[in-house]
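*Asks:* As input, take target.tsv (TSV, C-alpha atoms):
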```
chain	number	residue	atom	x	y	z
X	1	MET	CA	-4.13	8.49	2.96
X	2	VAL	CA	-2.21	5.22	2.76
X	3	GLY	CA	0.74	4.57	5.03
X	4	ILE	CA	3.34	3.78	2.35
X	5	SER	CA	3.78	4.93	-1.23
X	6	VAL	CA	6.00	2.67	-3.35
X	7	ILE	CA	7.48	4.56	-6.30
X	8	ILE	CA	9.21	2.99	-9.30
X	9	CYS	CA	10.91	5.46	-11.65
X	10	ALA	CA	11.77	3.87	-14.99
X	11	HIS	CA	13.18	4.91	-18.37
X	12	ASN	CA	13.10	2.23	-21.09
X	13	PRO	CA	13.50	-0.62	-18.56
X	14	PRO	CA	14.15	-4.22	-19.67
X	15	PRO	CA	10.64	-5.73	-19.61
X	16	ASP	CA	11.77	-8.95	-17.93
X	17	TYR	CA	13.54	-7.07	-15.11
X	18	LEU	CA	10.58	-4.76	-14.54
X	19	GLY	CA	8.35	-7.83	-14.48
X	20	LEU	CA	10.45	-9.39	-11.72
X	21	THR	CA	10.36	-6.11	-9.79
X	22	LEU	CA	6.56	-6.07	-9.95
X	23	GLU	CA	6.35	-9.74	-8.98
X	24	GLY	CA	8.42	-8.95	-5.89
X	25	LEU	CA	5.97	-6.21	-4.95
X	26	LYS	CA	2.99	-8.43	-5.66
X	27	ALA	CA	4.39	-10.94	-3.13
X	28	GLN	CA	4.69	-8.41	-0.27
X	29	THR	CA	3.25	-9.58	3.05
X	30	LEU	CA	2.06	-6.08	3.97
X	31	PRO	CA	-1.66	-5.88	3.03
X	32	LYS	CA	-2.16	-3.91	-0.18
X	33	ALA	CA	-4.71	-1.72	1.56
X	34	GLN	CA	-1.80	-0.19	3.48
X	35	TRP	CA	0.29	0.88	0.50
X	36	GLU	CA	-0.03	2.36	-2.95
X	37	LEU	CA	2.09	1.79	-6.05
X	38	LEU	CA	3.12	4.47	-8.55
X	39	LEU	CA	4.98	3.52	-11.73
X	40	ILE	CA	6.58	6.71	-13.05
X	41	ASP	CA	7.32	6.37	-16.77
X	42	ASN	CA	10.16	8.81	-17.40
X	43	GLY	CA	9.89	9.36	-21.13
X	44	SER	CA	10.17	5.72	-22.22
X	45	ALA	CA	10.04	5.14	-25.98
X	46	LYS	CA	7.28	2.59	-25.44
X	47	PRO	CA	4.78	3.71	-22.78
X	48	LEU	CA	5.07	1.51	-19.72
X	49	SER	CA	1.28	1.54	-19.35
X	50	SER	CA	1.16	-0.68	-22.45
X	51	MET	CA	3.67	-3.24	-21.19
X	52	ALA	CA	3.50	-3.33	-17.37
X	53	ASP	CA	0.41	-4.82	-15.75
X	54	ILE	CA	-0.28	-3.33	-12.32
X	55	SER	CA	-3.97	-4.15	-12.27
X	56	TRP	CA	-3.33	-6.68	-9.48
X	57	HIS	CA	-3.10	-3.73	-7.07
X	58	SER	CA	-6.22	-1.66	-6.52
X	59	GLN	CA	-4.15	1.35	-5.45
X	60	ALA	CA	-1.69	1.34	-8.34
X	61	ARG	CA	-1.32	4.03	-11.01
X	62	HIS	CA	0.73	4.70	-14.12
X	63	VAL	CA	2.15	8.23	-14.25
X	64	ARG	CA	3.94	9.70	-17.28
X	65	GLU	CA	6.74	12.23	-16.71
X	66	ASP	CA	8.20	13.46	-19.99
X	67	GLN	CA	10.91	15.70	-18.52
X	68	LEU	CA	13.83	13.33	-18.73
X	69	GLY	CA	15.94	12.69	-15.64
X	70	LEU	CA	15.71	10.52	-12.55
X	71	THR	CA	15.43	13.53	-10.24
X	72	HIS	CA	12.47	14.87	-12.22
X	73	ALA	CA	10.83	11.44	-12.05
X	74	ARG	CA	11.38	11.20	-8.29
X	75	LEU	CA	9.95	14.69	-7.76
X	76	ARG	CA	6.88	13.72	-9.80
X	77	GLY	CA	6.47	10.64	-7.65
X	78	ILE	CA	6.64	12.76	-4.50
X	79	ARG	CA	3.93	15.08	-5.84
X	80	GLU	CA	1.66	12.25	-6.96
X	81	SER	CA	1.97	10.10	-3.84
X	82	SER	CA	-0.05	10.28	-0.62
X	83	GLY	CA	1.86	8.10	1.86
X	84	GLY	CA	3.63	9.40	4.94
X	85	LEU	CA	6.51	7.04	4.07
X	86	LEU	CA	7.83	6.75	0.52
X	87	VAL	CA	9.80	3.73	-0.69
X	88	PHE	CA	11.76	4.13	-3.92
X	89	VAL	CA	12.27	0.89	-5.84
X	90	ASP	CA	14.41	0.73	-8.97
X	91	ASP	CA	13.17	-1.15	-12.02
X	92	ASP	CA	15.87	-3.80	-11.48
X	93	ASN	CA	15.18	-4.44	-7.77
X	94	VAL	CA	13.37	-7.43	-6.29
X	95	LEU	CA	12.33	-6.77	-2.70
X	96	ALA	CA	12.22	-9.55	-0.13
X	97	SER	CA	8.58	-10.38	0.58
X	98	ASN	CA	8.68	-8.76	4.03
X	99	TYR	CA	10.42	-5.56	2.88
X	100	LEU	CA	7.46	-3.20	3.17
X	101	ALA	CA	6.34	-4.73	6.47
X	102	GLU	CA	9.84	-4.23	7.90
X	103	ALA	CA	10.00	-0.68	6.51
X	104	GLU	CA	6.72	0.14	8.24
X	105	SER	CA	7.99	-1.36	11.51
X	106	ILE	CA	11.16	0.74	11.36
X	107	ALA	CA	9.12	3.87	10.68
X	108	ARG	CA	7.16	3.20	13.86
X	109	ASP	CA	10.03	2.07	16.09
X	110	TRP	CA	12.65	4.59	14.95
X	111	PRO	CA	10.90	7.99	14.91
X	112	LYS	CA	14.25	9.84	14.92
X	113	LEU	CA	15.22	8.40	11.53
X	114	GLY	CA	14.22	10.29	8.40
X	115	ALA	CA	15.68	7.93	5.78
X	116	TRP	CA	16.75	4.30	5.83
X	117	GLY	CA	17.42	1.29	3.69
X	118	GLY	CA	18.89	-2.17	3.88
X	119	GLN	CA	21.31	-4.42	2.10
X	120	LEU	CA	21.65	-5.13	-1.59
X	121	GLU	CA	22.67	-8.53	-2.88
X	122	PRO	CA	23.64	-8.54	-6.58
X	123	ARG	CA	22.06	-11.15	-8.82
X	124	PHE	CA	24.24	-11.33	-11.91
X	125	GLU	CA	22.81	-12.33	-15.27
X	126	LEU	CA	25.77	-14.64	-15.83
X	127	GLU	CA	27.12	-16.05	-12.59
X	128	GLY	CA	30.52	-16.91	-14.02
X	129	GLU	CA	33.89	-15.91	-12.65
X	130	LEU	CA	34.00	-12.21	-11.88
X	131	PRO	CA	36.93	-10.31	-10.37
X	132	GLU	CA	36.38	-9.59	-6.70
X	133	TRP	CA	36.45	-5.83	-7.23
X	134	LYS	CA	33.59	-6.04	-9.73
X	135	ARG	CA	31.43	-8.05	-7.33
X	136	ALA	CA	32.29	-5.66	-4.51
X	137	LEU	CA	31.24	-2.66	-6.57
X	138	TRP	CA	27.68	-4.02	-6.80
X	139	THR	CA	27.41	-5.56	-3.34
X	140	GLY	CA	25.86	-3.63	-0.45
X	141	THR	CA	25.53	-6.13	2.38
X	142	ILE	CA	25.94	-5.36	6.09
X	143	SER	CA	26.46	-7.56	9.14
X	144	ARG	CA	24.69	-5.31	11.67
X	145	ASP	CA	22.30	-2.39	11.78
X	146	LEU	CA	23.85	1.04	11.24
X	147	TRP	CA	22.46	4.48	12.04
X	148	SER	CA	23.76	8.01	12.43
X	149	ASN	CA	22.56	11.60	12.59
X	150	CYS	CA	25.70	12.87	10.84
X	151	TYR	CA	26.57	12.82	7.14
X	152	ASP	CA	27.81	9.25	7.49
X	153	ARG	CA	28.04	7.44	4.16
X	154	GLN	CA	28.26	4.02	5.86
X	155	ALA	CA	24.85	4.53	7.47
X	156	THR	CA	23.30	6.25	4.46
X	157	PRO	CA	20.95	4.15	2.31
X	158	ALA	CA	21.24	3.83	-1.45
X	159	GLY	CA	18.40	4.69	-3.81
X	160	ALA	CA	17.47	1.03	-4.26
X	161	GLY	CA	14.81	0.38	-1.64
X	162	LEU	CA	15.25	3.83	-0.09
X	163	CYS	CA	12.65	4.51	2.62
X	164	ILE	CA	12.16	8.18	3.42
X	165	ARG	CA	9.60	10.19	5.34
X	166	ARG	CA	7.43	12.68	3.49
X	167	LEU	CA	8.57	15.64	5.59
X	168	VAL	CA	12.15	14.99	4.46
X	169	LEU	CA	11.12	14.78	0.82
X	170	GLU	CA	9.06	17.93	0.99
X	171	ARG	CA	12.16	19.76	2.18
X	172	TYR	CA	14.25	18.09	-0.53
X	173	ALA	CA	11.75	19.15	-3.21
X	174	GLU	CA	11.91	22.71	-1.92
X	175	LEU	CA	15.73	22.71	-2.05
X	176	THR	CA	15.72	21.28	-5.56
X	177	ARG	CA	13.41	24.01	-6.83
X	178	THR	CA	15.83	26.68	-5.66
X	179	ASP	CA	19.14	24.98	-6.53
X	180	PRO	CA	19.46	23.54	-10.06
X	181	LEU	CA	22.73	21.82	-9.11
X	182	ARG	CA	20.73	19.14	-7.35
X	183	VAL	CA	19.07	18.08	-10.58
X	184	LYS	CA	22.53	17.30	-12.03
X	185	LEU	CA	23.02	14.52	-9.48
X	186	GLY	CA	20.34	12.26	-10.95
X	187	ARG	CA	20.75	10.19	-14.09
X	188	VAL	CA	19.41	11.53	-17.37
X	189	GLY	CA	18.88	9.04	-20.19
X	190	THR	CA	22.05	6.97	-20.57
X	191	THR	CA	24.27	9.18	-18.39
X	192	LEU	CA	25.60	7.58	-15.21
X	193	ASN	CA	25.53	10.49	-12.79
X	194	SER	CA	24.34	9.54	-9.32
X	195	SER	CA	24.17	10.65	-5.66
X	196	GLU	CA	20.73	12.26	-5.79
X	197	ASP	CA	19.74	9.45	-3.44
X	198	ILE	CA	22.54	10.41	-1.02
X	199	ASP	CA	21.47	14.04	-1.21
X	200	MET	CA	17.87	13.09	-0.43
X	201	ALA	CA	18.92	11.05	2.59
X	202	PHE	CA	21.25	13.76	3.89
X	203	VAL	CA	18.29	16.17	4.03
X	204	ALA	CA	17.10	14.04	6.96
X	205	CYS	CA	20.27	15.07	8.82
X	206	ASP	CA	19.66	18.70	7.84
X	207	LEU	CA	16.33	18.42	9.65
X	208	GLY	CA	17.84	16.95	12.81
X	209	LEU	CA	16.87	13.38	11.95
X	210	GLY	CA	19.08	10.42	11.16
X	211	THR	CA	19.75	7.83	8.48
X	212	GLY	CA	20.13	4.09	8.83
X	213	ARG	CA	20.63	0.73	7.17
X	214	PHE	CA	19.02	-2.41	8.55
X	215	VAL	CA	19.90	-6.07	8.11
X	216	ALA	CA	16.21	-7.02	8.01
X	217	LEU	CA	15.63	-5.00	4.82
X	218	LYS	CA	16.84	-7.14	1.92
X	219	LEU	CA	16.56	-6.84	-1.83
X	220	ALA	CA	18.13	-8.38	-4.90
X	221	HIS	CA	19.75	-6.09	-7.48
X	222	LEU	CA	19.53	-7.56	-10.98
X	223	ILE	CA	22.79	-6.97	-12.88
X	224	PRO	CA	22.89	-7.65	-16.63
X	225	GLN	CA	26.12	-8.73	-18.28
X	226	SER	CA	26.57	-5.29	-19.84
X	227	ARG	CA	26.96	-3.72	-16.39
X	228	VAL	CA	30.04	-5.74	-15.49
X	229	ALA	CA	31.87	-4.83	-18.70
X	230	ASP	CA	35.02	-2.76	-18.17
X	231	GLU	CA	33.78	0.08	-20.40
X	232	TYR	CA	30.52	0.44	-18.47
X	233	LEU	CA	32.23	0.35	-15.07
X	234	LEU	CA	34.69	3.06	-16.11
X	235	ARG	CA	31.75	5.25	-17.17
X	236	LEU	CA	30.04	4.44	-13.86
X	237	VAL	CA	33.08	5.43	-11.80
X	238	GLU	CA	33.39	8.63	-13.84
X	239	GLY	CA	29.76	9.35	-12.92
X	240	TYR	CA	30.59	8.71	-9.26
X	241	GLY	CA	33.50	11.16	-9.45
X	242	TYR	CA	31.29	13.82	-11.02
X	243	SER	CA	28.42	13.33	-8.59
X	244	ASP	CA	30.61	13.22	-5.49
X	245	ALA	CA	32.15	16.55	-6.49
X	246	ILE	CA	28.72	18.13	-7.00
X	247	LEU	CA	27.51	16.72	-3.67
X	248	GLU	CA	30.56	18.15	-1.92
X	249	SER	CA	29.85	21.58	-3.39
X	250	LEU	CA	26.26	21.44	-2.17
X	251	ARG	CA	27.29	20.56	1.36
X	252	GLY	CA	30.47	22.53	1.84
X	253	GLY	CA	32.81	19.60	2.25
X	254	ARG	CA	33.21	15.88	1.89
X	255	PRO	CA	30.87	13.93	4.18
X	256	GLY	CA	32.43	10.54	4.85
X	257	LEU	CA	33.82	7.98	2.42
X	258	SER	CA	32.61	8.25	-1.17
X	259	ARG	CA	31.87	5.20	-3.31
X	260	ILE	CA	35.24	5.66	-4.98
X	261	ASP	CA	36.98	5.65	-1.59
X	262	ARG	CA	35.27	2.37	-0.76
X	263	LEU	CA	36.41	0.87	-4.06
X	264	VAL	CA	40.00	1.84	-3.24
X	265	GLU	CA	39.59	0.12	0.14
X	266	VAL	CA	38.48	-3.03	-1.68
X	267	TYR	CA	41.69	-2.95	-3.72
X	268	LYS	CA	43.78	-2.70	-0.55
X	269	ASN	CA	42.21	-5.89	0.75
X	270	ILE	CA	42.73	-7.92	-2.41
X	271	ARG	CA	45.89	-10.01	-2.62
X	272	GLY	CA	48.03	-8.93	-5.51
X	273	HIS	CA	47.46	-5.38	-6.66
X	274	MET	CA	45.97	-4.69	-10.07
X	275	PRO	CA	47.77	-1.47	-11.02
X	276	LYS	CA	46.29	-1.20	-14.52
X	277	GLN	CA	42.68	-1.38	-13.32
X	278	GLN	CA	43.46	0.97	-10.45
X	279	ARG	CA	44.97	3.52	-12.80
X	280	LEU	CA	42.02	3.31	-15.17
X	281	LEU	CA	39.45	3.69	-12.40
X	282	ARG	CA	41.32	6.56	-10.75
X	283	ALA	CA	41.59	8.28	-14.13
X	284	ALA	CA	37.85	7.82	-14.72
X	285	ALA	CA	37.05	9.29	-11.31
X	286	PHE	CA	39.35	12.22	-12.02
X	287	ARG	CA	37.62	12.89	-15.34
X	288	GLY	CA	34.29	13.01	-13.56
X	289	ARG	CA	35.55	15.40	-10.90
X	290	ALA	CA	37.20	17.60	-13.52
X	291	ARG	CA	33.95	17.79	-15.49
X	292	ALA	CA	32.11	18.79	-12.32
X	293	ALA	CA	34.75	21.43	-11.54
X	294	ARG	CA	34.29	22.99	-14.97
X	295	GLU	CA	30.52	23.10	-14.60
X	296	LEU	CA	30.75	24.54	-11.10
X	297	LEU	CA	33.13	27.23	-12.32
X	298	LEU	CA	30.76	28.18	-15.14
X	299	SER	CA	27.85	28.19	-12.71
X	300	ASN	CA	29.70	30.46	-10.29
X	301	THR	CA	30.73	32.88	-13.03
X	302	GLY	CA	27.33	32.99	-14.66
X	303	GLY	CA	28.55	31.05	-17.68
X	304	GLN	CA	31.11	33.73	-18.62
```
Mind turning this structure into structure tokens?
*Replies:*
Amino acid sequence: MVGISVIICAHNPPPDYLGLTLEGLKAQTLPKAQWELLLIDNGSAKPLSSMADISWHSQARHVREDQLGLTHARLRGIRESSGGLLVFVDDDNVLASNYLAEAESIARDWPKLGAWGGQLEPRFELEGELPEWKRALWTGTISRDLWSNCYDRQATPAGAGLCIRRLVLERYAELTRTDPLRVKLGRVGTTLNSSEDIDMAFVACDLGLGTGRFVALKLAHLIPQSRVADEYLLRLVEGYGYSDAILESLRGGRPGLSRIDRLVEVYKNIRGHMPKQQRLLRAAAFRGRARAARELLLSNTGGQ
């Protein structure tokens, strides 16, 4: 059994971005004998085994998962992996070269933590002028280490670079098998639902462990121009609204600030309000929450 399993779940990823992700892993300072790499191809039109070379790692495998959806891909990665610590890396993430070594050190030094991550620095395809709120939406930097054993969103890691102990994931997999709502949190195809990563991390708190974010864990998040377009961001915020509502229903209340709350806070700190953008984003979040409410009502009434 290796110490760490690195899992990349990908559906039709841009080849150049996936290539950079793999180069970042290839440059890790942690000896390859101490970690394995699983590339989970989640129903890509062109099999990733034909376009992504992972032969540079002796403990790397391609795995095909045809049931579409990020949650299904993550669950397949959990089943296929052997490490006591799993690190989820998105196909548009580039880890700092010491990321896995730092993750291993935290696993050893912080036994009371079940899930942790670091800070995300966006790397935009076009580094032109962007409104501050758009940059803030993609930025996840911190100035000090954060940890908590409550459902604290500030100390809860995102899916990009998420480090999580196997015992937490085994419990998460069990919960997902018995509650189909959890599957709705993950993205499916081009939908922009999210928060399955938050749900996974919160399971650590369910088990009496904690979550954390550490300054030493750094990664770059590659952002194409299409993801800073107004239309995409409105769809993204709608997905946040939907997913936050589902997460609340799973946990009997609202644990901490949601991503939408944090975006509102960004607006408050920007000189000169932008009422049009605020209205559009609030409306998008409301649409997402309303869609979730309808689905939850149907679920509770057996679809009647």
*Asks:* So which residues touch segment 147-161 of chain X within 8 Å, counting all atoms listed in the file, skipping near sequence neighbours fewer than 4 positions away, as a PDB file with C-alpha atoms, in the frame of the given file?
*Replies:*
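And here's around-v6.pdb as it stands now:
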```pdb
ATOM      1  CA  VAL X  87       9.800   3.730  -0.690  1.00  0.00           C
ATOM      2  CA  PHE X  88      11.760   4.130  -3.920  1.00  0.00           C
ATOM      3  CA  VAL X  89      12.270   0.890  -5.840  1.00  0.00           C
ATOM      4  CA  ASP X  90      14.410   0.730  -8.970  1.00  0.00           C
ATOM      5  CA  ASN X  93      15.180  -4.440  -7.770  1.00  0.00           C
ATOM      6  CA  LEU X  95      12.330  -6.770  -2.700  1.00  0.00           C
ATOM      7  CA  ALA X 115      15.680   7.930   5.780  1.00  0.00           C
ATOM      8  CA  TRP X 116      16.750   4.300   5.830  1.00  0.00           C
ATOM      9  CA  GLY X 117      17.420   1.290   3.690  1.00  0.00           C
ATOM     10  CA  GLY X 118      18.890  -2.170   3.880  1.00  0.00           C
ATOM     11  CA  LEU X 120      21.650  -5.130  -1.590  1.00  0.00           C
ATOM     12  CA  ASP X 197      19.740   9.450  -3.440  1.00  0.00           C
ATOM     13  CA  ILE X 198      22.540  10.410  -1.020  1.00  0.00           C
ATOM     14  CA  ALA X 201      18.920  11.050   2.590  1.00  0.00           C
ATOM     15  CA  PHE X 202      21.250  13.760   3.890  1.00  0.00           C
ATOM     16  CA  CYS X 205      20.270  15.070   8.820  1.00  0.00           C
ATOM     17  CA  GLY X 208      17.840  16.950  12.810  1.00  0.00           C
ATOM     18  CA  LEU X 209      16.870  13.380  11.950  1.00  0.00           C
ATOM     19  CA  GLY X 210      19.080  10.420  11.160  1.00  0.00           C
ATOM     20  CA  THR X 211      19.750   7.830   8.480  1.00  0.00           C
ATOM     21  CA  GLY X 212      20.130   4.090   8.830  1.00  0.00           C
ATOM     22  CA  ARG X 213      20.630   0.730   7.170  1.00  0.00           C
ATOM     23  CA  LEU X 219      16.560  -6.840  -1.830  1.00  0.00           C
ATOM     24  CA  PRO X 255      30.870  13.930   4.180  1.00  0.00           C
ATOM     25  CA  GLY X 256      32.430  10.540   4.850  1.00  0.00           C
ATOM     26  CA  LEU X 257      33.820   7.980   2.420  1.00  0.00           C
ATOM     27  CA  SER X 258      32.610   8.250  -1.170  1.00  0.00           C
TER      28      SER X 258
END
```
*Asks:* Could you tell me how far atom CA of Leu162 of chain X sits from atom CA of Val203 of chain X, in Å to one decimal place?
*Replies:* 13.4 Å
*Asks:* How many Å separate atom CA of Ser143 of chain X from atom CA of Pro111 of chain X?
*Replies:*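 Value for the atom CA of Ser143 of chain X-atom CA of Pro111 of chain X distance: 22.7 Å.
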*Asks:* Mind pulling up the distance from atom CA of Ala96 of chain X to atom CA of Ala27 of chain X?
*Replies:* 8.5 Å
*Asks:* Between X:His11, X:Arg123, X:Lys134, X:Arg289, which one has atoms that come closest to Gln67 of chain X, using all atoms listed in the file?
*Replies:* X:His11
*Asks:* Pick from X:Ser243, X:Ser44, X:Gln28, X:Thr139: nearest to Leu68 of chain X, with all atoms listed in the file counted?
*Replies:*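 Smallest distance to Leu68 of chain X is found for X:Ser44.
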*Asks:* Which residues are close to Gln59 of chain X, i.e. within 8 Å by all atoms listed in the file, leaving aside same-chain residues fewer than 3 positions away? Reply as JSON, numbers by chain.
*Replies:* {"X": [32, 33, 35, 36, 37]}
*Asks:* Around all of segment 217-233 of chain X's listed atoms, make the axis-aligned box with 5 Å on each side and tell me centre and edge lengths in Å to one decimal, as lines of an AutoDock Vina configuration file.
*Replies:*
```
center_x = 25.3
center_y = -4.1
center_z = -7.8
size_x = 29.4
size_y = 19.2
size_z = 35.2
```
*Asks:* Between X:Glu238, X:Glu65, X:Glu132, X:Glu248, which residue has the minimum interatomic distance to Phe286 of chain X, considering all atoms listed in the file?
*Replies:*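 Using all atoms listed in the file, Phe286 of chain X sits closest to X:Glu238.
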